[in-house]
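Structure data (compact mmCIF, C-alpha atoms) from start-v8.txt:
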# COMPACT_ATOMS: atom_id res chain seq x y z
CA MET A 14 66.04 53.33 188.58
CA PHE A 15 67.19 56.87 189.20
CA ASN A 16 68.76 58.64 186.23
CA SER A 17 70.72 61.37 187.98
CA GLY A 18 71.88 62.91 184.69
CA SER A 19 68.31 63.34 183.51
CA VAL A 20 67.33 64.84 186.86
CA ARG A 21 70.23 67.30 186.80
CA ARG A 22 69.27 68.31 183.25
CA ASN A 23 65.49 68.30 183.36
CA GLY A 24 64.53 68.12 187.02
CA LEU A 25 62.55 65.25 188.49
CA GLN A 26 59.59 64.56 186.22
CA TYR A 27 60.88 67.32 183.91
CA SER A 28 60.06 69.96 186.53
CA GLN A 29 63.07 72.14 185.59
CA ALA A 30 63.25 71.59 181.83
CA ASP A 31 62.53 75.26 181.18
CA THR A 32 65.60 76.36 183.19
CA ILE A 33 68.26 74.18 181.52
CA GLN A 34 69.95 77.07 179.71
CA ASP A 35 70.01 79.26 182.84
CA ARG A 36 71.58 76.48 184.90
CA LEU A 37 74.14 75.72 182.17
CA ARG A 38 75.07 79.41 182.07
CA GLN A 39 75.51 79.51 185.86
CA ALA A 40 77.65 76.35 185.76
CA SER A 41 79.78 77.75 182.92
CA GLU A 42 80.33 80.99 184.80
CA ALA A 43 81.32 79.06 187.93
CA ARG A 44 83.75 76.90 185.97
CA ALA A 45 85.33 79.94 184.30
CA GLN A 46 86.10 81.68 187.60
CA GLU A 47 87.55 78.68 189.48
CA PRO A 48 90.94 78.37 187.68
CA SER A 49 91.85 81.97 188.48
CA GLY A 50 91.25 81.39 192.19
CA GLY A 51 87.68 82.62 192.19
CA GLU A 52 85.13 81.45 194.70
CA VAL A 53 83.98 77.85 194.33
CA ARG A 54 80.21 78.02 194.13
CA TYR A 55 78.02 75.20 195.39
CA ALA A 56 74.56 73.91 194.57
CA GLY A 57 72.32 71.44 196.32
CA ASP A 58 72.65 72.79 199.83
CA ALA A 59 70.13 70.86 201.88
CA ASP A 60 69.96 72.41 205.31
CA LEU A 61 66.16 72.40 205.24
CA THR A 62 63.68 72.84 208.07
CA ASP A 63 60.94 70.27 208.64
CA GLU A 64 58.48 72.72 207.05
CA GLN A 65 60.66 73.10 203.95
CA ILE A 66 61.00 69.32 203.68
CA ALA A 67 57.22 68.90 203.95
CA ALA A 68 56.78 71.46 201.14
CA GLN A 69 58.93 69.50 198.66
CA PRO A 70 56.89 68.70 195.54
CA PHE A 71 57.77 65.00 195.29
CA PRO A 72 57.49 62.18 197.86
CA LEU A 73 60.94 60.95 196.75
CA TYR A 74 62.51 64.23 197.85
CA ARG A 75 60.51 64.49 201.09
CA GLU A 76 61.36 60.93 202.10
CA GLY A 77 64.97 61.31 200.92
CA TYR A 78 65.56 64.44 202.99
CA VAL A 79 64.12 62.80 206.08
CA TYR A 80 66.16 59.62 205.62
CA TYR A 81 69.48 60.99 204.36
CA TRP A 82 69.46 64.34 206.17
CA LYS A 83 67.52 63.75 209.40
CA THR A 84 67.47 60.10 210.49
CA HIS A 85 70.45 58.44 208.76
CA ALA A 86 72.88 61.25 207.92
CA CYS A 87 76.56 60.38 208.05
CA PRO A 88 78.68 62.85 210.01
CA GLY A 89 80.13 65.45 207.66
CA SER A 90 77.97 64.37 204.72
CA THR A 91 76.27 66.94 202.54
CA PHE A 92 74.03 67.21 199.51
CA ARG A 93 76.28 69.92 198.06
CA TYR A 94 78.16 69.69 194.79
CA THR A 95 80.16 72.29 192.93
CA MET A 96 78.12 74.45 190.59
CA SER A 97 80.75 73.91 187.88
CA SER A 98 80.30 70.11 188.06
CA LEU A 99 76.72 70.60 186.88
CA LEU A 100 78.10 70.70 183.31
CA ASP A 101 79.35 67.12 183.68
CA LEU A 102 76.37 65.94 185.71
CA MET A 103 73.89 67.26 183.12
CA SER A 104 75.68 65.63 180.20
CA TRP A 105 75.74 62.14 181.74
CA ASP A 106 72.83 59.77 181.20
CA ALA A 107 72.28 56.46 182.98
CA THR A 108 70.53 55.01 179.93
CA ASP A 109 73.40 55.62 177.53
CA GLN A 110 74.57 52.29 176.10
CA LEU A 111 72.16 50.15 178.12
CA GLU A 112 71.95 47.93 175.06
CA LEU A 113 75.40 46.62 176.01
CA ILE A 114 74.00 44.79 179.04
CA ASP A 115 73.98 41.14 178.10
CA VAL A 116 73.03 39.56 181.41
CA PRO A 117 69.58 39.34 182.99
CA LEU A 118 68.38 42.68 184.29
CA LEU A 119 65.69 43.13 186.90
CA MET A 120 64.08 46.54 187.23
CA ILE A 121 61.39 47.13 189.80
CA ALA A 122 59.21 50.23 189.65
CA GLY A 123 56.20 50.75 191.87
CA SER A 124 53.02 52.13 190.42
CA GLU A 125 53.35 55.29 192.55
CA ALA A 126 57.13 55.73 192.21
CA ASP A 127 58.21 59.27 191.31
CA THR A 128 60.90 57.70 189.12
CA ARG A 129 58.78 55.05 187.37
CA TYR A 130 59.08 56.94 184.08
CA MET A 131 62.87 56.49 184.24
CA SER A 132 62.54 52.71 184.45
CA GLU A 133 59.98 52.73 181.67
CA ASP A 134 62.41 54.72 179.52
CA ALA A 135 65.38 52.50 180.36
CA LEU A 136 63.89 49.02 180.01
CA PRO A 137 63.42 49.04 176.23
CA LYS A 138 66.98 50.34 175.81
CA ALA A 139 68.33 47.54 177.99
CA THR A 140 66.44 44.81 176.19
CA VAL A 141 67.38 45.71 172.62
CA HIS A 142 69.13 42.80 170.95
CA SER A 143 72.22 44.59 169.79
CA THR A 144 74.13 43.42 166.75
CA SER A 145 77.26 44.85 168.36
CA ARG A 146 77.51 42.05 170.92
CA PRO A 147 80.69 40.02 170.68
CA THR A 148 80.48 36.73 168.80
CA GLY A 149 79.39 33.94 171.08
CA SER A 150 77.66 36.30 173.48
CA THR A 151 74.21 35.26 174.53
CA SER A 152 71.54 36.95 176.52
CA THR A 153 68.84 35.39 178.59
CA SER A 154 67.35 38.75 179.45
CA THR A 155 63.58 38.83 179.35
CA PRO A 156 61.80 42.16 179.61
CA HIS A 157 59.48 42.33 182.60
CA SER A 158 57.15 45.08 183.61
CA THR A 159 56.00 45.48 187.19
CA SER A 160 53.23 47.54 188.61

Translate this structure into structure tokens?
Amino acid sequence: MFNSGSVRRNGLQYSQADTIQDRLRQASEARAQEPSGGEVRYAGDADLTDEQIAAQPFPLYREGYVYYWKTHACPGSTFRYTMSSLLDLMSWDATDQLELIDVPLLMIAGSEADTRYMSEDALPKATVHSTSRPTGSTSTSTPHSTS
């Protein structure tokens, strides 16, 4: 599982948690200037050299840049997003309302996965037996943990 909202808020493995307020301020400033015709600012520009890719702190990012930017990039694709959209991206969370899933759910997380903690956080939320399920609804979901 990859919780993009958590990563936009906190950074992968909470690596940017101490900069949340700075990034929210930058996103707010960008959003405020856009309606009056101000410059649209972008984040996530990924035109990295091989050396910069190799220096990325997480295997997920190194492998992702190579795959999505070098070997399998779609023409015209980009990693960019508007700085102002960071406000929406940071407020979203992939684990919100997981308890509403009432069908079997398989989550696979390798022991060395950079995102394993996201699956470990999500699984208990997805396997809660909610009292808010509609009458007659059944679930055959069984929690599984993989290594």

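In terms of minimum interatomic distance to Thr128 in chain A, A:Phe71 ranks closest within A:Tyr94, A:Ala86, A:Ile66, A:Phe71, counting only C-alpha atoms.
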
Q | d(CA of Leu73 in chain A, CA of Ile121 in chain A) in Å | A | 15.5 Å

Show me, as lines of an AutoDock Vina configuration file, the centre and edge lengths in Å to one decimal of the axis-aligned box that covers every listed atom of range 113-126 of chain A with 5 Å on each side.
center_x = 64.2
center_y = 47.5
center_z = 184.3
size_x = 32.4
size_y = 26.4
size_z = 26.5

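Excluding Ala56 in chain A and any residue on its chain fewer than 2 positions from it, the residues at most 8 Å away by all atoms listed in the file are Arg54, Asp58, Arg93, Tyr94, Thr95 and Met96 of chain A.
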
Q) Between A:Ala59, A:Leu136, A:Gln110, A:Leu100, which is the closest to Tyr81 in chain A once you count all atoms listed in the file? A) A:Ala59

**Q.** Trp82 in chain A environment, 9 Å, all atoms listed in the file, sequence neighbours closer than 6 positions dropped, as a ChimeraX atom specification
**A.** /A:59-61,90-92

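We find CA of Ala107 in chain A and CA of Gly18 in chain A to be spaced 6.7 Å apart.
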
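Note that CA of Glu76 in chain A and CA of Leu111 in chain A are 28.4 Å apart.
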
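Each of A:Ala68, A:Ala30, A:Met14, A:Leu37 was compared to Met103 in chain A using all atoms listed in the file, and A:Leu37 turns out to be the nearest.
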
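Nearest to Asp115 in chain A of all the residues A:Glu133, A:Asp31, A:Ala139, A:Val53 is A:Ala139, counting all atoms listed in the file.
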
Q. Which is closest to Gln69 in chain A among A:Ala135, A:Ser19, A:Leu25, A:Tyr55, if we use only C-alpha atoms?
A. A:Leu25

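Of the residues under consideration (A:Ser124, A:Asp35, A:Gly77, A:Ser98), A:Asp35 shows the shortest atom-to-atom contact distance to Asn23 in chain A when counting only C-alpha atoms.
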